[in-house]
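Undergrad: final.cif is the file, holding mmCIF, C-alpha atoms:
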data_work
#
loop_
_atom_site.label_atom_id
_atom_site.label_comp_id
_atom_site.auth_asym_id
_atom_site.auth_seq_id
_atom_site.Cartn_x
_atom_site.Cartn_y
_atom_site.Cartn_z
CA ALA A 1 -91.00 -82.03 99.27
CA GLN A 2 -87.97 -84.08 98.31
CA SER A 3 -84.90 -83.06 96.33
CA VAL A 4 -81.44 -84.35 95.53
CA THR A 5 -78.20 -82.57 94.75
CA GLN A 6 -75.47 -84.29 92.80
CA LEU A 7 -72.10 -82.66 93.36
CA GLY A 8 -70.05 -82.56 90.20
CA SER A 9 -71.68 -82.70 86.80
CA HIS A 10 -68.56 -84.36 85.38
CA VAL A 11 -66.22 -86.80 87.11
CA SER A 12 -63.14 -88.42 85.56
CA VAL A 13 -61.27 -91.36 87.05
CA SER A 14 -58.54 -93.63 85.78
CA GLU A 15 -59.31 -97.22 84.93
CA GLY A 16 -58.86 -99.30 88.09
CA ALA A 17 -59.27 -96.32 90.43
CA LEU A 18 -62.03 -95.73 92.98
CA VAL A 19 -65.28 -94.27 91.67
CA LEU A 20 -67.11 -91.88 94.02
CA LEU A 21 -70.24 -90.05 92.87
CA ARG A 22 -71.86 -87.79 95.41
CA CYS A 23 -75.54 -87.37 96.19
CA ASN A 24 -77.12 -85.38 99.00
CA TYR A 25 -80.84 -85.44 99.58
CA SER A 26 -83.41 -83.27 101.25
CA SER A 27 -86.59 -84.83 102.52
CA SER A 28 -89.19 -83.88 105.10
CA VAL A 29 -89.93 -87.57 105.68
CA PRO A 30 -87.74 -90.68 105.65
CA PRO A 31 -86.71 -91.22 102.06
CA TYR A 32 -86.33 -93.95 99.55
CA LEU A 33 -83.16 -93.37 97.48
CA PHE A 34 -82.09 -94.70 94.11
CA TRP A 35 -79.15 -94.63 91.74
CA TYR A 36 -79.74 -95.06 88.01
CA VAL A 37 -77.27 -95.32 85.11
CA GLN A 38 -77.87 -94.07 81.57
CA TYR A 39 -75.80 -94.97 78.50
CA PRO A 40 -75.98 -92.65 75.46
CA ASN A 41 -79.38 -92.47 73.80
CA GLN A 42 -80.86 -95.06 76.12
CA GLY A 43 -83.25 -95.14 79.04
CA LEU A 44 -82.25 -95.35 82.67
CA GLN A 45 -81.33 -98.61 84.36
CA LEU A 46 -81.64 -99.14 88.11
CA LEU A 47 -78.28 -99.69 89.81
CA LEU A 48 -79.45 -99.94 93.42
CA LYS A 49 -82.02 -98.67 95.89
CA TYR A 50 -82.29 -97.89 99.58
CA THR A 51 -85.69 -98.60 101.11
CA SER A 52 -84.95 -98.37 104.86
CA ALA A 53 -83.42 -101.80 105.32
CA ALA A 54 -79.60 -102.07 105.42
CA THR A 55 -77.81 -98.75 105.13
CA LEU A 56 -75.11 -100.21 102.86
CA VAL A 57 -76.74 -101.20 99.61
CA LYS A 58 -75.09 -103.33 96.98
CA GLY A 59 -76.13 -103.03 93.37
CA ILE A 60 -75.28 -104.32 89.95
CA ASN A 61 -71.91 -104.06 88.21
CA GLY A 62 -70.00 -103.85 91.51
CA PHE A 63 -71.52 -100.56 92.66
CA GLU A 64 -72.65 -99.86 96.18
CA ALA A 65 -74.00 -96.89 98.14
CA GLU A 66 -74.26 -96.04 101.81
CA PHE A 67 -77.19 -94.20 103.35
CA LYS A 68 -75.97 -91.74 105.98
CA LYS A 69 -78.84 -90.00 107.67
CA SER A 70 -76.61 -87.68 109.71
CA GLU A 71 -75.02 -86.39 106.52
CA THR A 72 -78.19 -86.66 104.37
CA SER A 73 -76.03 -88.43 101.81
CA PHE A 74 -76.24 -91.45 99.54
CA HIS A 75 -72.93 -91.52 97.69
CA LEU A 76 -72.26 -94.15 95.02
CA THR A 77 -68.93 -96.00 94.99
CA LYS A 78 -67.11 -98.70 93.08
CA PRO A 79 -63.66 -99.89 94.18
CA SER A 80 -62.16 -100.26 90.71
CA ALA A 81 -63.41 -98.42 87.63
CA HIS A 82 -63.85 -100.22 84.34
CA MET A 83 -64.09 -98.65 80.91
CA SER A 84 -67.67 -99.91 80.62
CA ASP A 85 -68.66 -97.73 83.61
CA ALA A 86 -68.49 -94.61 81.45
CA ALA A 87 -72.07 -93.28 81.49
CA GLU A 88 -74.31 -90.74 83.18
CA TYR A 89 -75.50 -91.47 86.70
CA PHE A 90 -78.63 -90.12 88.35
CA CYS A 91 -79.56 -90.06 92.01
CA ALA A 92 -83.29 -89.99 92.83
CA VAL A 93 -85.41 -89.64 95.95
CA SER A 94 -88.97 -90.38 96.98
CA ALA A 95 -90.93 -90.16 100.18
CA ASN A 96 -91.18 -93.55 101.85
CA PHE A 97 -94.92 -93.78 101.99
CA GLY A 98 -97.70 -94.29 99.53
CA ASN A 99 -96.71 -94.30 95.93
CA GLU A 100 -94.89 -91.04 95.64
CA LYS A 101 -93.11 -90.17 92.41
CA LEU A 102 -89.34 -89.98 92.07
CA THR A 103 -87.43 -86.71 91.96
CA PHE A 104 -84.14 -86.89 90.07
CA GLY A 105 -80.87 -85.04 90.41
CA THR A 106 -79.21 -83.32 87.46
CA GLY A 107 -76.85 -86.21 86.81
CA THR A 108 -73.10 -86.85 86.85
CA ARG A 109 -71.26 -87.85 83.72
CA LEU A 110 -68.52 -90.35 84.52
CA THR A 111 -65.52 -90.57 82.21
CA ILE A 112 -62.96 -93.37 82.56
CA ILE A 113 -59.39 -92.57 81.56
CA PRO A 114 -57.49 -95.53 80.07
CA ASP B 1 -89.70 -110.39 77.83
CA GLY B 2 -91.63 -107.71 79.63
CA GLY B 3 -90.68 -104.10 79.19
CA ILE B 4 -91.53 -100.65 77.96
CA THR B 5 -91.49 -99.77 74.27
CA GLN B 6 -91.16 -96.19 73.12
CA SER B 7 -91.60 -95.25 69.50
CA PRO B 8 -90.31 -93.78 67.37
CA LYS B 9 -86.70 -93.58 68.53
CA TYR B 10 -86.13 -90.37 66.54
CA LEU B 11 -88.80 -87.86 65.57
CA PHE B 12 -88.61 -84.65 63.62
CA ARG B 13 -91.32 -82.04 63.91
CA LYS B 14 -91.95 -78.91 61.96
CA GLU B 15 -92.80 -75.77 63.88
CA GLY B 16 -96.53 -75.52 64.54
CA GLN B 17 -97.18 -79.25 64.33
CA ASN B 18 -98.47 -81.55 67.03
CA VAL B 19 -96.69 -84.87 67.41
CA THR B 20 -97.51 -87.92 69.51
CA LEU B 21 -94.93 -90.11 71.22
CA SER B 22 -95.93 -93.68 71.92
CA CYS B 23 -95.28 -95.56 75.17
CA GLU B 24 -96.47 -99.14 75.66
CA GLN B 25 -95.72 -101.50 78.55
CA ASN B 26 -96.46 -105.18 79.08
CA LEU B 27 -95.35 -105.28 82.71
CA ASN B 28 -98.87 -104.91 84.10
CA HIS B 29 -97.68 -101.80 85.93
CA ASP B 30 -100.26 -99.43 87.30
CA ALA B 31 -98.39 -96.14 87.17
CA MET B 32 -96.80 -94.54 84.13
CA TYR B 33 -94.71 -91.38 83.77
CA TRP B 34 -93.35 -89.05 81.12
CA TYR B 35 -90.08 -87.22 81.68
CA ARG B 36 -88.21 -84.72 79.58
CA GLN B 37 -84.41 -84.75 79.62
CA ASP B 38 -82.25 -81.79 78.63
CA PRO B 39 -78.47 -81.62 79.03
CA GLY B 40 -77.48 -80.54 82.53
CA GLN B 41 -81.06 -80.46 83.81
CA GLY B 42 -81.70 -84.06 84.73
CA LEU B 43 -85.18 -85.49 84.28
CA ARG B 44 -88.20 -83.26 84.65
CA LEU B 45 -91.67 -84.73 85.12
CA ILE B 46 -94.24 -83.81 82.48
CA TYR B 47 -97.28 -85.95 83.33
CA TYR B 48 -98.01 -89.10 85.29
CA SER B 49 -100.88 -91.53 85.65
CA GLN B 50 -101.50 -93.89 88.53
CA ILE B 51 -104.61 -95.52 87.14
CA VAL B 52 -106.48 -95.86 83.85
CA ASN B 53 -108.51 -92.79 82.84
CA ASP B 54 -106.72 -90.57 85.35
CA PHE B 55 -103.55 -88.50 85.09
CA GLN B 56 -101.88 -85.55 86.81
CA LYS B 57 -99.68 -82.71 85.68
CA GLY B 58 -96.04 -82.82 86.61
CA ASP B 59 -93.62 -79.93 86.90
CA ILE B 60 -93.54 -78.90 83.24
CA ALA B 61 -96.92 -79.89 81.74
CA GLU B 62 -97.52 -76.74 79.68
CA GLY B 63 -97.62 -77.51 75.98
CA TYR B 64 -98.11 -81.24 76.49
CA SER B 65 -101.14 -83.54 76.73
CA VAL B 66 -101.62 -87.21 77.58
CA SER B 67 -104.29 -89.89 77.73
CA ARG B 68 -104.57 -93.17 79.61
CA GLU B 69 -107.35 -95.16 78.01
CA LYS B 70 -105.62 -98.51 78.53
CA LYS B 71 -103.37 -99.73 81.30
CA GLU B 72 -100.67 -100.62 78.79
CA SER B 73 -100.52 -97.32 76.94
CA PHE B 74 -99.67 -93.73 77.89
CA PRO B 75 -99.10 -91.60 74.76
CA LEU B 76 -97.70 -88.08 75.02
CA THR B 77 -98.69 -85.34 72.57
CA VAL B 78 -96.31 -82.44 72.16
CA THR B 79 -98.47 -79.57 70.98
CA SER B 80 -97.57 -76.46 69.03
CA ALA B 81 -97.90 -74.55 72.30
CA GLN B 82 -94.70 -76.13 73.59
CA LYS B 83 -92.16 -73.44 72.78
CA ASN B 84 -88.98 -75.49 73.01
CA PRO B 85 -89.83 -79.15 72.40
CA THR B 86 -86.43 -80.36 71.22
CA ALA B 87 -85.38 -82.86 73.92
CA PHE B 88 -85.07 -86.51 74.84
CA TYR B 89 -88.33 -87.92 76.18
CA LEU B 90 -88.43 -90.87 78.55
CA CYS B 91 -91.41 -92.96 79.55
CA ALA B 92 -91.37 -95.02 82.74
CA SER B 93 -93.71 -97.32 84.61
CA ARG B 94 -93.94 -98.68 88.13
CA HIS B 95 -95.92 -101.28 90.01
CA GLN B 96 -97.94 -99.68 92.79
CA GLY B 97 -96.55 -101.10 96.02
CA THR B 98 -98.52 -101.71 99.20
CA GLY B 99 -97.64 -102.01 102.84
CA GLY B 100 -94.53 -99.89 102.59
CA ASN B 101 -93.07 -101.62 99.57
CA PHE B 102 -91.71 -99.32 96.95
CA TYR B 103 -90.62 -100.33 93.52
CA GLY B 104 -88.29 -98.39 91.30
CA TYR B 105 -89.18 -97.26 87.84
CA THR B 106 -88.68 -99.24 84.64
CA PHE B 107 -87.71 -96.96 81.77
CA GLY B 108 -88.18 -97.14 78.04
CA SER B 109 -85.29 -96.39 75.70
CA GLY B 110 -86.51 -92.90 74.89
CA THR B 111 -87.58 -90.78 71.92
CA ARG B 112 -85.39 -87.96 70.69
CA LEU B 113 -87.56 -85.16 69.33
CA THR B 114 -86.08 -82.45 67.13
CA VAL B 115 -87.88 -79.41 65.79
CA VAL B 116 -86.80 -78.52 62.26
#
Would you mind writing the structure in this file as structure tokens?
TA:
Amino acid sequence: AQSVTQLGSHVSVSEGALVLLRCNYSSSVPPYLFWYVQYPNQGLQLLLKYTSAATLVKGINGFEAEFKKSETSFHLTKPSAHMSDAAEYFCAVSANFGNEKLTFGTGTRLTIIP
Amino acid sequence: DGGITQSPKYLFRKEGQNVTLSCEQNLNHDAMYWYRQDPGQGLRLIYYSQIVNDFQKGDIAEGYSVSREKKESFPLTVTSAQKNPTAFYLCASRHQGTGGNFYGYTFGSGTRLTVV
């Protein structure tokens, strides 16, 4: 079975500062990993995904994440926060075979301080 | 443009009533999913379907029912047996990959259900 843990249900950063959202996964098989973003009263939008190619994955809106197998982590970063980054972010994991369903973390709400 | 359409956006239900949430996709995706979202709990899987006329229970299927008569449609019925149905419901779909390919989900914009 797969699971993800997102450390910090709320994160606040100043505009222009580094954004770091943490995600640790547990998987009995090599995983696929995803980050999604959700704006209020909307669905989820895919930011980036790791599917066993490069360990540093670049996504949309300047976000990137690094897969670290030794730390079972897939933290999301952005060098400089923008006001439009304020949203809720979800990490998700799936087994890397077949067509397994995604398991989501509990989410991290990101607030940007002007 | 291809995508997933959920309707209605807001839905109010009286206690004891069944209600049906619509989910339609024109992406030609094989698999479809229903998730429930509550504050602080992330997304929990209700039901999913990988092929027409077949579906499986997720983690919290009690009090819900689904059908998959057409590839494009995966409606969710919230029955009176669901004790706490007030939540945000999200529908998603995914192309079934082969040969190790895996595609992420495409989500609809959600339906907010409130029991009054």
Undergrad: Do you know which residues are at most 7 Å from Ala31 of chain B counting all atoms listed in the file, after dropping those on the same chain fewer than 4 positions away, and could you put them as an NGL selection string?
TA: :B and (49-51 or 93-96)
Undergrad: Report as a ChimeraX atom specification the residues that result from applying the PyMOL selection byres ((chain A) within 12 of (chain B)) to the structure here.
TA: /A:4-6,8-10,30-53,88-109
Undergrad: Name the residues captured by the PyMOL selection byres ((chain A and resi 111-114) around 7) when it is applied to the shown file; answer as number ranges by chain.
TA: A: 11-15, 83, 86, 109-110
Undergrad: Which polymer residues have any atom within 8 Å of an atom of Glu15 of chain B, counting only C-alpha atoms, with same-chain residues fewer than 3 positions away left out, as a PDB file with C-alpha atoms, in the frame of the given file?
TA:
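Result went into part-v6.pdb, see below:
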ATOM      1  CA  SER B  80     -97.570 -76.460  69.030  1.00  0.00           C
ATOM      2  CA  VAL B 115     -87.880 -79.410  65.790  1.00  0.00           C
ATOM      3  CA  VAL B 116     -86.800 -78.520  62.260  1.00  0.00           C
TER       4      VAL B 116
END
Undergrad: Name the closest residue to Thr86 of chain B among the candidates B:His29, B:Asp54, B:Leu113, B:Glu69; distances are taken between atoms, counting all atoms listed in the file.
TA: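 Between B:His29, B:Asp54, B:Leu113, B:Glu69, the residue approaching Thr86 of chain B most closely is B:Leu113.
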Undergrad: Determine the residue set returned by the PyMOL selection byres ((chain B and resi 68) around 9) for the present structure, and present it as an NGL selection string.
TA: :B and (49 or 51-55 or 66-67 or 69-75)
Undergrad: Just the number, please: distance in Å from atom CA of Tyr25 of chain A to atom CA of Glu64 of chain A, one decimal.
TA: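 It comes out at 16.9 Å.
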Undergrad: What's around Ser65 of chain B at 7 Å? Count all atoms listed in the file, leave out sequence neighbours fewer than 6 positions away in its own chain, and write the answer as a PyMOL selection string.
TA: chain B and resi 76-78
Undergrad: Starting from the block above, write segment 34-61 of chain A out to a file with N, CA and C atoms, as an mmCIF file, in the first residue's frame, please.
TA:
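Saved to decode.cif:
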data_model
loop_
_atom_site.group_PDB
_atom_site.id
_atom_site.type_symbol
_atom_site.label_atom_id
_atom_site.label_comp_id
_atom_site.auth_asym_id
_atom_site.auth_seq_id
_atom_site.Cartn_x
_atom_site.Cartn_y
_atom_site.Cartn_z
ATOM 1 N N PHE A 34 3.215 12.832 -7.413
ATOM 2 C CA PHE A 34 2.566 13.971 -8.055
ATOM 3 C C PHE A 34 2.394 15.102 -7.046
ATOM 4 N N TRP A 35 2.399 16.325 -7.566
ATOM 5 C CA TRP A 35 1.951 17.486 -6.815
ATOM 6 C C TRP A 35 0.815 18.144 -7.606
ATOM 7 N N TYR A 36 -0.275 18.443 -6.859
ATOM 8 C CA TYR A 36 -1.417 19.137 -7.431
ATOM 9 C C TYR A 36 -1.643 20.428 -6.653
ATOM 10 N N VAL A 37 -2.254 21.421 -7.320
ATOM 11 C CA VAL A 37 -2.627 22.675 -6.675
ATOM 12 C C VAL A 37 -4.144 22.853 -6.808
ATOM 13 N N GLN A 38 -4.736 23.394 -5.750
ATOM 14 C CA GLN A 38 -6.183 23.652 -5.753
ATOM 15 C C GLN A 38 -6.448 25.075 -5.299
ATOM 16 N N TYR A 39 -7.142 25.849 -6.123
ATOM 17 C CA TYR A 39 -7.603 27.179 -5.746
ATOM 18 C C TYR A 39 -9.014 27.050 -5.185
ATOM 19 N N PRO A 40 -9.461 28.003 -4.388
ATOM 20 C CA PRO A 40 -10.753 27.865 -3.684
ATOM 21 C C PRO A 40 -11.899 27.487 -4.609
ATOM 22 N N ASN A 41 -12.659 26.492 -4.172
ATOM 23 C CA ASN A 41 -13.853 26.023 -4.870
ATOM 24 C C ASN A 41 -13.583 25.573 -6.303
ATOM 25 N N GLN A 42 -12.395 25.053 -6.526
ATOM 26 C CA GLN A 42 -12.054 24.531 -7.837
ATOM 27 C C GLN A 42 -11.496 23.119 -7.715
ATOM 28 N N GLY A 43 -11.340 22.470 -8.853
ATOM 29 C CA GLY A 43 -10.717 21.154 -8.873
ATOM 30 C C GLY A 43 -9.216 21.267 -8.719
ATOM 31 N N LEU A 44 -8.549 20.128 -8.827
ATOM 32 C CA LEU A 44 -7.104 20.089 -8.676
ATOM 33 C C LEU A 44 -6.438 20.163 -10.038
ATOM 34 N N GLN A 45 -5.307 20.875 -10.075
ATOM 35 C CA GLN A 45 -4.545 21.024 -11.311
ATOM 36 C C GLN A 45 -3.164 20.422 -11.105
ATOM 37 N N LEU A 46 -2.707 19.627 -12.060
ATOM 38 C CA LEU A 46 -1.405 18.990 -11.933
ATOM 39 C C LEU A 46 -0.286 20.014 -12.059
ATOM 40 N N LEU A 47 0.611 20.032 -11.050
ATOM 41 C CA LEU A 47 1.788 20.895 -11.098
ATOM 42 C C LEU A 47 2.969 20.186 -11.742
ATOM 43 N N LEU A 48 3.218 18.945 -11.288
ATOM 44 C CA LEU A 48 4.339 18.173 -11.809
ATOM 45 C C LEU A 48 4.191 16.723 -11.382
ATOM 46 N N LYS A 49 4.978 15.854 -12.034
ATOM 47 C CA LYS A 49 4.926 14.438 -11.672
ATOM 48 C C LYS A 49 6.303 13.795 -11.840
ATOM 49 N N TYR A 50 6.580 12.834 -10.992
ATOM 50 C CA TYR A 50 7.777 12.018 -11.079
ATOM 51 C C TYR A 50 7.358 10.605 -11.489
ATOM 52 N N THR A 51 7.927 10.135 -12.614
ATOM 53 C CA THR A 51 7.572 8.797 -13.087
ATOM 54 C C THR A 51 8.830 8.018 -13.425
ATOM 55 N N SER A 52 9.840 8.106 -12.554
ATOM 56 C CA SER A 52 11.073 7.318 -12.593
ATOM 57 C C SER A 52 12.048 7.730 -13.675
ATOM 58 N N ALA A 53 11.908 8.908 -14.211
ATOM 59 C CA ALA A 53 12.913 9.441 -15.132
ATOM 60 C C ALA A 53 13.859 10.319 -14.294
ATOM 61 N N ALA A 54 14.029 11.579 -14.621
ATOM 62 C CA ALA A 54 14.909 12.458 -13.861
ATOM 63 C C ALA A 54 14.379 12.667 -12.458
ATOM 64 N N THR A 55 15.278 12.714 -11.480
ATOM 65 C CA THR A 55 14.834 12.872 -10.095
ATOM 66 C C THR A 55 14.443 14.306 -9.775
ATOM 67 N N LEU A 56 14.934 15.273 -10.526
ATOM 68 C CA LEU A 56 14.517 16.667 -10.355
ATOM 69 C C LEU A 56 13.484 16.958 -11.435
ATOM 70 N N VAL A 57 12.296 17.271 -10.989
ATOM 71 C CA VAL A 57 11.177 17.445 -11.907
ATOM 72 C C VAL A 57 10.758 18.902 -11.906
ATOM 73 N N LYS A 58 10.647 19.465 -13.076
ATOM 74 C CA LYS A 58 10.178 20.846 -13.190
ATOM 75 C C LYS A 58 8.724 20.848 -13.623
ATOM 76 N N GLY A 59 7.962 21.756 -13.009
ATOM 77 C CA GLY A 59 6.546 21.831 -13.318
ATOM 78 C C GLY A 59 6.139 23.203 -13.804
ATOM 79 N N ILE A 60 4.846 23.451 -13.707
ATOM 80 C CA ILE A 60 4.318 24.736 -14.154
ATOM 81 C C ILE A 60 4.494 25.791 -13.080
ATOM 82 N N ASN A 61 4.387 27.045 -13.480
ATOM 83 C CA ASN A 61 4.419 28.191 -12.564
ATOM 84 C C ASN A 61 5.714 28.294 -11.760
#
